[in-house]
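**Student:** Sharing protein38.txt below, compact mmCIF, C-alpha atoms:
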# COMPACT_ATOMS: atom_id res chain seq x y z
CA MET A 12 -8.24 -15.06 4.94
CA PRO A 13 -11.06 -12.57 5.62
CA ASN A 14 -10.70 -10.09 8.45
CA LYS A 15 -7.27 -11.50 9.41
CA HIS A 16 -8.71 -14.74 10.80
CA ASN A 17 -6.10 -16.81 12.66
CA ASP A 18 -3.56 -14.01 12.24
CA CYS A 19 -1.83 -14.92 15.51
CA ARG A 20 -1.41 -18.50 14.28
CA ARG A 21 -0.66 -17.72 10.67
CA HIS A 22 2.95 -18.91 10.92
CA HIS A 23 1.67 -22.42 11.70
CA ILE A 24 -0.31 -22.56 8.45
CA PRO A 25 1.85 -24.17 5.73
CA LYS A 26 2.22 -22.31 2.45
CA MET A 27 0.34 -23.88 -0.43
CA SER A 28 2.50 -25.34 -3.17
CA PHE A 29 1.57 -25.72 -6.82
CA LYS A 30 2.97 -27.75 -9.68
CA VAL A 31 3.02 -26.78 -13.36
CA GLN A 32 1.61 -29.63 -15.42
CA ASN A 33 2.47 -28.26 -18.87
CA TRP A 34 6.04 -27.16 -18.17
CA PRO A 35 7.52 -27.98 -21.66
CA GLU A 36 4.81 -25.96 -23.45
CA TYR A 37 5.01 -23.14 -20.91
CA GLU A 38 8.81 -22.98 -21.17
CA ALA A 39 8.58 -22.75 -24.95
CA GLY A 40 6.08 -19.93 -24.57
CA LEU A 41 8.43 -18.04 -22.27
CA ARG A 42 11.16 -18.27 -24.91
CA ARG A 43 8.78 -16.99 -27.58
CA ARG A 44 8.08 -13.92 -25.48
CA GLY A 45 11.66 -12.74 -25.99
CA SER A 46 11.86 -13.71 -29.64
CA LEU A 47 12.52 -10.84 -32.04
CA THR A 48 10.61 -12.46 -34.89
CA LEU A 49 8.60 -9.84 -36.75
CA TRP A 50 6.45 -10.29 -39.80
CA ILE A 51 4.08 -7.88 -41.47
CA GLU A 52 1.11 -9.07 -43.53
CA ASP A 53 0.64 -7.79 -47.04
CA ALA A 54 -2.66 -6.18 -46.09
CA THR A 55 -0.88 -4.28 -43.32
CA LEU A 56 1.88 -3.14 -45.69
CA ASP A 57 -0.73 -1.64 -47.99
CA ARG A 58 -2.16 0.50 -45.19
CA TRP A 59 1.03 1.20 -43.24
CA GLN A 60 1.57 4.70 -44.60
CA SER A 61 0.62 7.08 -47.35
CA VAL A 62 2.37 10.00 -49.02
CA GLY A 63 1.26 13.54 -48.26
CA PRO A 64 2.25 16.88 -49.79
CA HIS A 65 5.90 17.24 -50.73
CA GLY A 66 6.45 13.51 -50.25
CA GLN A 67 5.87 13.59 -46.50
CA ALA A 68 4.95 10.22 -44.99
CA ARG A 69 1.58 9.92 -43.28
CA TYR A 70 1.34 6.90 -41.01
CA ARG A 71 -1.80 4.93 -40.29
CA ASP A 72 -2.85 3.86 -36.81
CA ILE A 73 -1.42 0.35 -37.32
CA ALA A 74 2.09 1.78 -37.69
CA ILE A 75 1.78 3.88 -34.52
CA GLU A 76 0.35 0.96 -32.57
CA THR A 77 3.16 -1.35 -33.71
CA SER A 78 5.79 1.13 -32.55
CA LEU A 79 4.12 1.56 -29.17
CA MET A 80 3.82 -2.20 -28.66
CA LEU A 81 7.53 -2.73 -29.40
CA ARG A 82 8.39 0.12 -27.05
CA THR A 83 6.31 -1.44 -24.26
CA ALA A 84 7.51 -5.00 -24.81
CA PHE A 85 11.20 -4.05 -24.74
CA LYS A 86 10.88 -1.09 -22.32
CA MET A 87 12.60 1.46 -24.51
CA ALA A 88 12.30 5.19 -25.00
CA LEU A 89 10.60 6.51 -28.12
CA ARG A 90 13.87 7.43 -29.85
CA GLN A 91 15.31 3.95 -29.27
CA THR A 92 12.05 2.47 -30.52
CA GLU A 93 12.37 4.48 -33.73
CA GLY A 94 15.89 3.12 -34.21
CA LEU A 95 14.75 -0.46 -33.61
CA MET A 96 11.90 -0.11 -36.10
CA GLU A 97 14.21 1.35 -38.75
CA SER A 98 16.76 -1.43 -38.35
CA VAL A 99 14.12 -4.17 -38.47
CA LEU A 100 12.45 -2.76 -41.58
CA THR A 101 15.86 -2.41 -43.24
CA LEU A 102 16.73 -6.03 -42.48
CA MET A 103 13.38 -7.09 -43.94
CA ASN A 104 14.13 -5.16 -47.17
CA LEU A 105 10.84 -3.29 -46.96
CA THR A 106 10.18 0.05 -48.63
CA ILE A 107 8.05 1.36 -45.76
CA THR A 108 9.58 3.63 -43.14
CA ALA A 109 9.34 3.77 -39.35
CA PRO A 110 7.34 6.54 -37.66
CA ASP A 111 9.58 9.10 -35.99
CA HIS A 112 9.37 9.50 -32.23
CA THR A 113 7.64 12.89 -32.36
CA THR A 114 4.87 11.51 -34.55
CA VAL A 115 4.38 8.52 -32.26
CA SER A 116 4.22 10.76 -29.19
CA ARG A 117 1.70 13.10 -30.80
CA ARG A 118 -0.54 10.38 -32.25
CA ALA A 119 -0.60 8.33 -29.04
CA VAL A 120 -2.93 10.85 -27.42
CA ARG A 121 -5.93 9.84 -29.55
CA LEU A 122 -4.96 6.37 -30.73
CA THR A 123 -7.62 3.64 -30.58
CA VAL A 124 -5.99 0.33 -29.67
CA ARG A 125 -7.42 -2.72 -31.37
CA LYS A 126 -8.71 -5.66 -29.37
CA SER A 127 -6.62 -8.80 -29.11
CA PRO A 128 -7.43 -11.37 -31.82
CA SER A 129 -7.12 -14.15 -29.23
CA ALA A 130 -9.90 -12.81 -26.98
CA PRO A 131 -11.69 -15.55 -25.02
CA LYS A 132 -15.12 -16.71 -26.09
CA GLY A 133 -18.16 -16.56 -23.84
CA PRO A 134 -19.80 -17.15 -21.54
CA LEU A 135 -17.20 -15.45 -19.36
CA HIS A 136 -16.46 -15.46 -15.66
CA VAL A 137 -15.29 -11.87 -15.20
CA LEU A 138 -13.07 -10.75 -12.32
CA ILE A 139 -12.92 -6.99 -11.66
CA ASP A 140 -10.41 -4.99 -9.63
CA SER A 141 -8.18 -1.92 -9.85
CA THR A 142 -4.57 -1.01 -9.12
CA GLY A 143 -2.53 2.18 -8.96
CA LEU A 144 0.10 3.28 -11.46
CA GLN A 145 2.60 6.07 -10.85
CA VAL A 146 2.97 8.92 -13.30
CA PHE A 147 5.80 11.34 -14.02
CA GLY A 148 6.59 13.64 -11.08
CA ALA A 149 9.12 14.82 -8.53
CA GLY A 150 8.70 11.88 -6.18
CA GLN A 151 8.14 11.37 -2.49
CA TRP A 152 11.86 11.63 -1.62
CA LEU A 153 12.08 15.26 -2.76
CA GLU A 154 8.96 16.12 -0.80
CA GLU A 155 10.21 14.49 2.40
CA LYS A 156 13.83 15.67 2.16
CA HIS A 157 13.39 19.27 1.08
CA GLY A 158 9.74 19.98 1.77
CA ALA A 159 9.07 20.60 -1.89
CA LYS A 160 5.60 19.96 -3.22
CA SER A 161 5.59 16.70 -5.13
CA ARG A 162 4.00 16.59 -8.56
CA ARG A 163 3.68 12.83 -8.35
CA THR A 164 0.12 11.64 -8.76
CA TRP A 165 -1.47 8.29 -9.45
CA ARG A 166 -3.72 6.78 -12.05
CA LYS A 167 -6.10 3.93 -11.44
CA LEU A 168 -6.05 1.03 -13.87
CA HIS A 169 -9.35 -0.86 -13.72
CA LEU A 170 -9.19 -4.38 -15.16
CA ALA A 171 -11.71 -7.06 -16.08
CA VAL A 172 -10.08 -10.49 -16.35
CA ASP A 173 -11.46 -13.76 -17.67
CA ALA A 174 -11.04 -16.30 -14.87
CA ASP A 175 -10.66 -19.29 -17.22
CA THR A 176 -7.93 -17.95 -19.52
CA GLY A 177 -6.40 -15.11 -17.49
CA MET A 178 -6.83 -12.75 -20.44
CA ILE A 179 -7.70 -9.10 -19.78
CA VAL A 180 -11.01 -8.51 -21.55
CA ALA A 181 -11.48 -4.84 -20.58
CA GLN A 182 -9.48 -1.98 -19.10
CA VAL A 183 -10.12 1.63 -18.09
CA LEU A 184 -7.59 4.20 -16.86
CA THR A 185 -8.90 6.95 -14.56
CA ASP A 186 -7.52 9.44 -12.09
CA GLN A 187 -6.75 8.45 -8.52
CA HIS A 188 -9.97 9.93 -7.11
CA THR A 189 -12.36 7.80 -9.18
CA ASP A 190 -14.19 5.21 -7.12
CA ASP A 191 -14.16 1.57 -8.21
CA PRO A 192 -17.94 0.87 -8.51
CA SER A 193 -18.37 3.69 -11.04
CA GLN A 194 -16.15 1.84 -13.54
CA VAL A 195 -18.07 -1.45 -13.57
CA GLY A 196 -20.27 -0.19 -16.39
CA PRO A 197 -17.42 1.10 -18.61
CA LEU A 198 -15.62 -2.23 -18.15
CA LEU A 199 -18.61 -4.40 -19.00
CA ASP A 200 -19.38 -2.19 -22.00
CA GLN A 201 -16.13 -3.43 -23.58
CA VAL A 202 -17.04 -7.12 -23.19
CA ASP A 203 -18.73 -8.36 -26.36
CA GLU A 204 -19.16 -11.95 -25.20
CA GLU A 205 -21.86 -13.32 -22.93
CA ILE A 206 -21.19 -13.03 -19.19
CA ASN A 207 -22.35 -15.62 -16.69
CA GLN A 208 -20.59 -14.41 -13.53
CA VAL A 209 -19.00 -11.23 -12.18
CA MET A 210 -16.74 -11.33 -9.13
CA ALA A 211 -15.16 -8.43 -7.24
CA ASP A 212 -13.98 -7.50 -3.76
CA GLY A 213 -15.88 -5.68 -1.02
CA ALA A 214 -15.10 -2.23 -2.43
CA TYR A 215 -17.75 -2.89 -5.09
CA ASP A 216 -20.45 -3.94 -2.61
CA GLY A 217 -23.77 -2.14 -2.83
CA ALA A 218 -27.19 -2.42 -4.43
CA PRO A 219 -26.27 -0.02 -7.30
CA THR A 220 -23.52 -2.40 -8.44
CA TYR A 221 -25.91 -5.35 -8.52
CA GLN A 222 -28.51 -3.30 -10.40
CA LEU A 223 -25.94 -2.14 -12.93
CA ILE A 224 -24.66 -5.66 -13.63
CA ALA A 225 -28.25 -6.88 -14.04
CA GLN A 226 -28.59 -4.54 -17.03
CA TYR A 227 -26.08 -6.72 -18.91
CA GLY A 228 -28.03 -9.90 -18.18
CA GLY A 229 -30.63 -10.77 -15.60
CA ASP A 230 -29.13 -14.21 -15.03
CA ILE A 231 -25.56 -13.00 -14.31
CA GLU A 232 -24.32 -14.32 -10.99
CA VAL A 233 -22.69 -11.62 -8.86
CA VAL A 234 -20.20 -12.63 -6.16
CA ILE A 235 -19.18 -9.66 -3.99
CA PRO A 236 -18.54 -10.00 -0.24
CA PRO A 237 -20.89 -7.73 1.72
CA ARG A 238 -19.40 -5.26 4.15
CA LYS A 239 -19.48 -5.91 7.89
CA THR A 240 -22.15 -3.25 8.33
CA ALA A 241 -24.33 -4.54 5.48
CA VAL A 242 -27.98 -5.27 6.27
CA PRO A 243 -30.57 -7.11 4.16
CA SER A 244 -32.87 -5.02 2.00
CA MET A 245 -36.62 -5.29 2.51
CA GLU A 246 -37.67 -3.78 -0.79
CA SER A 247 -39.04 -6.95 -2.40
CA ARG A 248 -40.47 -10.26 -1.30
CA SER A 249 -37.91 -12.34 -3.16
CA LEU A 250 -34.38 -12.30 -1.81
CA SER A 251 -31.82 -10.55 -3.98
CA GLN A 252 -28.38 -12.01 -4.65
CA ARG A 253 -26.86 -9.67 -2.09
CA ASP A 254 -29.40 -10.73 0.55
CA ARG A 255 -28.67 -14.38 -0.14
CA HIS A 256 -24.96 -13.71 0.39
CA LEU A 257 -25.75 -11.98 3.67
CA ASN A 258 -27.90 -14.88 4.88
CA LYS A 259 -25.22 -17.39 3.95
CA ILE A 260 -22.54 -15.47 5.85
CA THR A 261 -24.79 -14.96 8.88
CA THR A 262 -25.79 -18.60 9.18
CA GLU A 263 -22.63 -20.44 8.12
CA GLY A 264 -19.80 -17.89 8.33
CA ARG A 265 -17.68 -16.03 5.84
CA LEU A 266 -15.26 -18.87 5.18
CA ALA A 267 -18.11 -21.22 4.28
CA TRP A 268 -19.53 -18.54 1.98
CA GLN A 269 -16.17 -18.16 0.25
CA LYS A 270 -15.95 -21.89 -0.35
CA ALA A 271 -19.53 -22.15 -1.60
CA THR A 272 -19.22 -19.24 -4.04
CA GLY A 273 -15.66 -19.95 -5.19
CA TYR A 274 -14.59 -16.48 -4.09
CA GLY A 275 -10.97 -17.64 -3.95
CA GLN A 276 -10.81 -17.28 -7.75
CA ARG A 277 -10.74 -13.51 -7.28
CA ALA A 278 -7.04 -13.89 -6.47
CA LEU A 279 -6.48 -14.41 -10.21
CA VAL A 280 -7.11 -10.73 -10.93
CA GLU A 281 -4.58 -9.83 -8.21
CA THR A 282 -2.10 -12.09 -10.00
CA THR A 283 -2.86 -10.32 -13.28
CA MET A 284 -2.19 -6.91 -11.76
CA GLY A 285 1.08 -8.17 -10.29
CA ARG A 286 2.02 -9.58 -13.70
CA TYR A 287 1.25 -6.21 -15.32
CA LYS A 288 3.50 -4.31 -12.89
CA SER A 289 6.36 -6.78 -13.12
CA ILE A 290 6.35 -7.16 -16.93
CA ILE A 291 4.98 -3.84 -18.22
CA GLY A 292 5.99 -1.68 -15.27
CA PRO A 293 4.48 0.05 -12.22
CA ARG A 294 4.49 3.54 -13.73
CA LEU A 295 3.34 5.43 -16.80
CA ARG A 296 5.83 7.30 -18.96
CA ALA A 297 3.42 9.58 -20.82
CA ARG A 298 2.62 12.96 -19.30
CA ARG A 299 -0.72 13.75 -20.93
CA PHE A 300 -3.77 11.84 -19.77
CA GLY A 301 -4.83 10.81 -23.28
CA ALA A 302 -1.41 9.35 -23.97
CA GLN A 303 -1.47 7.62 -20.59
CA GLN A 304 -4.75 5.91 -21.50
CA THR A 305 -3.19 4.70 -24.74
CA GLU A 306 -0.08 3.51 -22.89
CA ALA A 307 -2.18 1.46 -20.47
CA ALA A 308 -4.21 -0.06 -23.33
CA ILE A 309 -0.99 -0.95 -25.19
CA GLY A 310 0.37 -2.55 -22.01
CA VAL A 311 -2.74 -4.70 -21.70
CA ALA A 312 -2.49 -5.73 -25.37
CA VAL A 313 1.17 -6.72 -24.95
CA LEU A 314 0.41 -8.66 -21.79
CA ASN A 315 -2.40 -10.56 -23.51
CA ARG A 316 -0.12 -11.48 -26.40
CA MET A 317 2.51 -12.75 -23.98
CA LEU A 318 -0.10 -14.77 -22.16
CA ALA A 319 -1.35 -16.23 -25.43
CA ALA A 320 2.20 -17.39 -26.21
CA GLY A 321 2.24 -19.66 -23.17
CA ARG A 322 0.30 -19.98 -19.94
CA PRO A 323 1.13 -22.30 -17.04
CA ASN A 324 -1.39 -24.91 -16.01
CA PHE A 325 -1.12 -25.04 -12.23
CA VAL A 326 -2.41 -27.77 -9.97
CA ARG A 327 -2.21 -27.72 -6.20
CA SER A 328 0.27 -30.22 -4.81
CA GLN A 329 -1.02 -32.65 -2.24
CA THR A 330 0.66 -32.48 1.16
CA VAL A 331 1.91 -35.89 2.18
CA SER A 332 1.95 -36.44 5.96
CA ALA A 333 4.76 -38.48 7.41
As structure tokens, how would this structure be written, given the file I've shared?
**Tutor:**
Amino acid sequence: MPNKHNDCRRHHIPKMSFKVQNWPEYEAGLRRRGSLTLWIEDATLDRWQSVGPHGQARYRDIAIETSLMLRTAFKMALRQTEGLMESVLTLMNLTITAPDHTTVSRRAVRLTVRKSPSAPKGPLHVLIDSTGLQVFGAGQWLEEKHGAKSRRTWRKLHLAVDADTGMIVAQVLTDQHTDDPSQVGPLLDQVDEEINQVMADGAYDGAPTYQLIAQYGGDIEVVIPPRKTAVPSMESRSLSQRDRHLNKITTEGRLAWQKATGYGQRALVETTMGRYKSIIGPRLRARRFGAQQTEAAIGVAVLNRMLAAGRPNFVRSQTVSA
């Protein structure tokens, strides 16, 4: 609820319950997520690696990306990932070899991760938000206990999620000091499909955000809750989208505006960020920023593949009064 409405009576509000309508299909998808079934297409085998001077193997980007995706999916260190890849390729009786952990670590800094083949088709309803990820460092406990300066910093993972499918259509990793509105453009630049609506929280409010989104389509509907101190702009005769939101909130209230605009769907991007931290992890293992960007992109690719394997179809359960 906005602005902690009814906070003193919140315990009287019953928790909403939902029911999964496609439970057999969703359960099968959850089992497929843990399946160690690996196949490599012939076209991929031809461009997996080449031979350099003195017979040294030179691996293509597809081999590095495969190793990083297995590492992320099974939460292993690079050396254990190398061992898993070697054993799998041996069981498959393939002549190709697995990239060693030092090569994977070095190549991850500048690796370009391919887009998911199951990307949703437009027009898209895009939800935008950001979350923090921890990076390697001493930790808050050492700083509090011994007064030592902590090296722990944060990275911001900015996500753009399709509201209909839950797939992540764009991602950007920045440092902790980067503001959220500045990353709207880099996120929308990654979306190839048509966009019909963009939704974000109040941190993105402001005329520059609306003007930036309008560059990607003049008919894109923007749903961002104005701040409490927001005032209508008097720059043009016709009301802008932001002014219409302000008028709606002033005349009918914020709850009515949320219901009219469907702002409750923004919770889906919060769910996606929670899914990322619970499945992929809340921290980054890489130490260099370039490798951290690749790690975040690999995590998004793995999460999209898991979501494509099976997604629950929720419906809100009706409360039956006695």
**Student:** Mind checking which residues fall within 8 Å of region 195-205 of chain A, counting all atoms listed in the file, ignoring those fewer than 6 positions away in the same chain, and posting them as a PyMOL selection string?
**Tutor:** chain A and resi 132-135+139+169-171+180-183+220+223-224+227
**Student:** Take the residues from that selection and write them out as a short mmCIF file (atom, residue, chain, number, x, y, z; two decimals), keeping the file's coordinate frame, keeping C-alpha atoms.
**Tutor:**
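Generated output (part38.cif):
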data_model
loop_
_atom_site.label_atom_id
_atom_site.label_comp_id
_atom_site.auth_asym_id
_atom_site.auth_seq_id
_atom_site.Cartn_x
_atom_site.Cartn_y
_atom_site.Cartn_z
CA LYS A 132 -15.12 -16.71 -26.09
CA GLY A 133 -18.16 -16.56 -23.84
CA PRO A 134 -19.80 -17.15 -21.54
CA LEU A 135 -17.20 -15.45 -19.36
CA ILE A 139 -12.92 -6.99 -11.66
CA HIS A 169 -9.35 -0.86 -13.72
CA LEU A 170 -9.19 -4.38 -15.16
CA ALA A 171 -11.71 -7.06 -16.08
CA VAL A 180 -11.01 -8.51 -21.55
CA ALA A 181 -11.48 -4.84 -20.58
CA GLN A 182 -9.48 -1.98 -19.10
CA VAL A 183 -10.12 1.63 -18.09
CA THR A 220 -23.52 -2.40 -8.44
CA LEU A 223 -25.94 -2.14 -12.93
CA ILE A 224 -24.66 -5.66 -13.63
CA TYR A 227 -26.08 -6.72 -18.91
#
**Student:** What separation in Å, quoted to one decimal, exists between CA of Arg125 (chain A) and CA of Gln60 (chain A)?
**Tutor:**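 Those two atoms sit 17.6 Å apart.
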**Student:** What is the distance, in Å and to one decimal place, between CA of Gln91 (chain A) and CA of Leu79 (chain A)?
**Tutor:**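 Here the two named atoms are 11.4 Å from each other.
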**Student:** May I ask which of the residues A:Ala312, A:Ala319, A:Val326, A:Ala297 is the closest one to Trp34 (chain A), counting all atoms listed in the file?
**Tutor:**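 Nearest to Trp34 (chain A): A:Val326.
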**Student:** List the spatial neighbours of Trp59 (chain A) as a PyMOL selection string - criterion: any atom at most 9 Å away, only C-alpha atoms, same-chain residues fewer than 3 positions off excluded.
**Tutor:** chain A and resi 54-56+69-74+107-108
**Student:** Rank A:Arg253, A:Leu144, A:Ser28, A:Thr101 by their smallest atom-to-atom distance to Thr185 (chain A), using only C-alpha atoms, and report the top residue only.
**Tutor:**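 Closest to Thr185 (chain A), using only C-alpha atoms: A:Leu144.
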**Student:** What are the closest atom pairs, with distances in Å to one decimal, for all residues of region 108-224 of chain A lying within 9 Å of region 229-243 of chain A? Consider all atoms listed in the file, order rows by chain and residue number, and present the result as a tab-separated table.
**Tutor:**
residue	atom	partner	partner_atom	distance
A:Ile206	CA	A:Ile231	CA	6.6
A:Asn207	CA	A:Ile231	CA	4.8
A:Gln208	CA	A:Glu232	CA	4.5
A:Val209	CA	A:Val233	CA	5.0
A:Met210	CA	A:Val234	CA	4.7
A:Ala211	CA	A:Ile235	CA	5.3
A:Asp212	CA	A:Ile235	CA	5.6
A:Gly213	CA	A:Pro236	CA	5.1
A:Ala214	CA	A:Arg238	CA	8.4
A:Tyr215	CA	A:Ile235	CA	7.0
A:Asp216	CA	A:Pro237	CA	5.8
A:Gly217	CA	A:Pro237	CA	7.8
A:Tyr221	CA	A:Val233	CA	7.1
A:Ile224	CA	A:Ile231	CA	7.4
**Student:** With distances taken over all atoms listed in the file, which of A:Ser46, A:Thr261, A:Asn324, A:Gln194 is nearest to Phe85 (chain A)?
**Tutor:**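 The answer is A:Ser46, which sits nearest to Phe85 (chain A).
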**Student:** Report the distance between CA of Met317 (chain A) and CA of Leu95 (chain A) in Å, rounded to one decimal place.
**Tutor:** 19.8 Å
**Student:** At a cut-off of 7 Å around the point (3.0, 6.4, -18.0) (file coordinates), what residues fall inside when counting all atoms listed in the file? I'd like the answer as a list in words.
**Tutor:** Val146, Phe147, Arg294, Leu295, Arg296, Ala297, Arg298, Gln303 and Glu306 of chain A
**Student:** Up to 10 Å from (-6.7, -8.3, -30.3) in the file's coordinates: name the residues, counting only C-alpha atoms, as JSON, numbers by chain.
**Tutor:** {"A": [124, 125, 126, 127, 128, 129, 130, 180, 312, 313, 315, 316]}
**Student:** What does the file look like for those residues with C-alpha atoms, as a compact mmCIF listing (two decimals), in the coordinates of the input?
**Tutor:**
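Result file is part-v1.txt:
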# COMPACT_ATOMS: atom_id res chain seq x y z
CA VAL A 124 -5.99 0.33 -29.67
CA ARG A 125 -7.42 -2.72 -31.37
CA LYS A 126 -8.71 -5.66 -29.37
CA SER A 127 -6.62 -8.80 -29.11
CA PRO A 128 -7.43 -11.37 -31.82
CA SER A 129 -7.12 -14.15 -29.23
CA ALA A 130 -9.90 -12.81 -26.98
CA VAL A 180 -11.01 -8.51 -21.55
CA ALA A 312 -2.49 -5.73 -25.37
CA VAL A 313 1.17 -6.72 -24.95
CA ASN A 315 -2.40 -10.56 -23.51
CA ARG A 316 -0.12 -11.48 -26.40
**Student:** Using only C-alpha atoms, find the one residue out of A:Val172, A:Ala307, A:Ala302, A:Ala218 that sits nearest to Leu184 (chain A).
**Tutor:** A:Ala307
**Student:** If you count all atoms listed in the file, which residues fall within 12 Å of Ser116 (chain A), apart from same-chain ones fewer than 2 positions away, as a PyMOL selection string?
**Tutor:** chain A and resi 75-76+78-79+82+88-90+92-93+110-114+118-122+296-299+301-303+305-306
**Student:** Write the selection just made, keeping C-alpha atoms, as a CSV table (one decimal), in the frame of the given file?
**Tutor:**
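Done, and the output landed in result.csv:
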chain,number,residue,atom,x,y,z
A,75,ILE,CA,1.8,3.9,-34.5
A,76,GLU,CA,0.4,1.0,-32.6
A,78,SER,CA,5.8,1.1,-32.6
A,79,LEU,CA,4.1,1.6,-29.2
A,82,ARG,CA,8.4,0.1,-27.0
A,88,ALA,CA,12.3,5.2,-25.0
A,89,LEU,CA,10.6,6.5,-28.1
A,90,ARG,CA,13.9,7.4,-29.8
A,92,THR,CA,12.0,2.5,-30.5
A,93,GLU,CA,12.4,4.5,-33.7
A,110,PRO,CA,7.3,6.5,-37.7
A,111,ASP,CA,9.6,9.1,-36.0
A,112,HIS,CA,9.4,9.5,-32.2
A,113,THR,CA,7.6,12.9,-32.4
A,114,THR,CA,4.9,11.5,-34.6
A,118,ARG,CA,-0.5,10.4,-32.2
A,119,ALA,CA,-0.6,8.3,-29.0
A,120,VAL,CA,-2.9,10.8,-27.4
A,121,ARG,CA,-5.9,9.8,-29.6
A,122,LEU,CA,-5.0,6.4,-30.7
A,296,ARG,CA,5.8,7.3,-19.0
A,297,ALA,CA,3.4,9.6,-20.8
A,298,ARG,CA,2.6,13.0,-19.3
A,299,ARG,CA,-0.7,13.8,-20.9
A,301,GLY,CA,-4.8,10.8,-23.3
A,302,ALA,CA,-1.4,9.4,-24.0
A,303,GLN,CA,-1.5,7.6,-20.6
A,305,THR,CA,-3.2,4.7,-24.7
A,306,GLU,CA,-0.1,3.5,-22.9
**Student:** Calculated over only C-alpha atoms, which of the candidates A:Pro323, A:Gly177, A:Pro192, A:Pro64 has the smallest distance to Leu279 (chain A)?
**Tutor:**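 Smallest distance to Leu279 (chain A) is found for A:Gly177.
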**Student:** Taking all listed atoms of region 75-93 of chain A, build the axis-aligned box, pad each of the six sides by 4 Å, then write its centre and edge lengths in Å to one decimal as AutoDock Vina command-line options.
**Tutor:**
--center_x 7.8 --center_y 1.2 --center_z -28.4 --size_x 23.0 --size_y 20.4 --size_z 20.2
**Student:** Since the input is missing atoms, can you rebuild all heavy atoms for region 195-199 of chain A and write them as a PDB file, in the frame of the given file?
**Tutor:**
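Output file result.pdb follows:
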ATOM      1  N   VAL A 195     -17.553  -0.134 -13.193  1.00  0.00           N
ATOM      2  CA  VAL A 195     -18.070  -1.450 -13.570  1.00  0.00           C
ATOM      3  C   VAL A 195     -18.769  -1.381 -14.920  1.00  0.00           C
ATOM      4  O   VAL A 195     -18.575  -2.234 -15.793  1.00  0.00           O
ATOM      5  CB  VAL A 195     -19.015  -1.980 -12.475  1.00  0.00           C
ATOM      6  CG1 VAL A 195     -19.680  -3.281 -12.924  1.00  0.00           C
ATOM      7  CG2 VAL A 195     -18.259  -2.206 -11.177  1.00  0.00           C
ATOM      8  N   GLY A 196     -19.586  -0.354 -15.116  1.00  0.00           N
ATOM      9  CA  GLY A 196     -20.270  -0.190 -16.390  1.00  0.00           C
ATOM     10  C   GLY A 196     -19.328   0.001 -17.567  1.00  0.00           C
ATOM     11  O   GLY A 196     -19.441  -0.715 -18.576  1.00  0.00           O
ATOM     12  N   PRO A 197     -18.366   0.948 -17.506  1.00  0.00           N
ATOM     13  CA  PRO A 197     -17.420   1.100 -18.610  1.00  0.00           C
ATOM     14  C   PRO A 197     -16.621  -0.170 -18.917  1.00  0.00           C
ATOM     15  O   PRO A 197     -16.274  -0.414 -20.073  1.00  0.00           O
ATOM     16  CB  PRO A 197     -16.508   2.229 -18.135  1.00  0.00           C
ATOM     17  CG  PRO A 197     -17.355   3.040 -17.224  1.00  0.00           C
ATOM     18  CD  PRO A 197     -18.243   2.053 -16.532  1.00  0.00           C
ATOM     19  N   LEU A 198     -16.332  -0.978 -17.903  1.00  0.00           N
ATOM     20  CA  LEU A 198     -15.620  -2.230 -18.150  1.00  0.00           C
ATOM     21  C   LEU A 198     -16.501  -3.234 -18.869  1.00  0.00           C
ATOM     22  O   LEU A 198     -16.098  -3.848 -19.872  1.00  0.00           O
ATOM     23  CB  LEU A 198     -15.113  -2.809 -16.826  1.00  0.00           C
ATOM     24  CG  LEU A 198     -13.918  -2.118 -16.165  1.00  0.00           C
ATOM     25  CD1 LEU A 198     -13.653  -2.706 -14.787  1.00  0.00           C
ATOM     26  CD2 LEU A 198     -12.677  -2.238 -17.031  1.00  0.00           C
ATOM     27  N   LEU A 199     -17.717  -3.426 -18.382  1.00  0.00           N
ATOM     28  CA  LEU A 199     -18.610  -4.400 -19.000  1.00  0.00           C
ATOM     29  C   LEU A 199     -19.057  -3.969 -20.391  1.00  0.00           C
ATOM     30  O   LEU A 199     -19.416  -4.815 -21.216  1.00  0.00           O
ATOM     31  CB  LEU A 199     -19.829  -4.640 -18.096  1.00  0.00           C
ATOM     32  CG  LEU A 199     -19.527  -5.242 -16.713  1.00  0.00           C
ATOM     33  CD1 LEU A 199     -20.817  -5.484 -15.950  1.00  0.00           C
ATOM     34  CD2 LEU A 199     -18.718  -6.528 -16.833  1.00  0.00           C
TER      35      LEU A 199
END
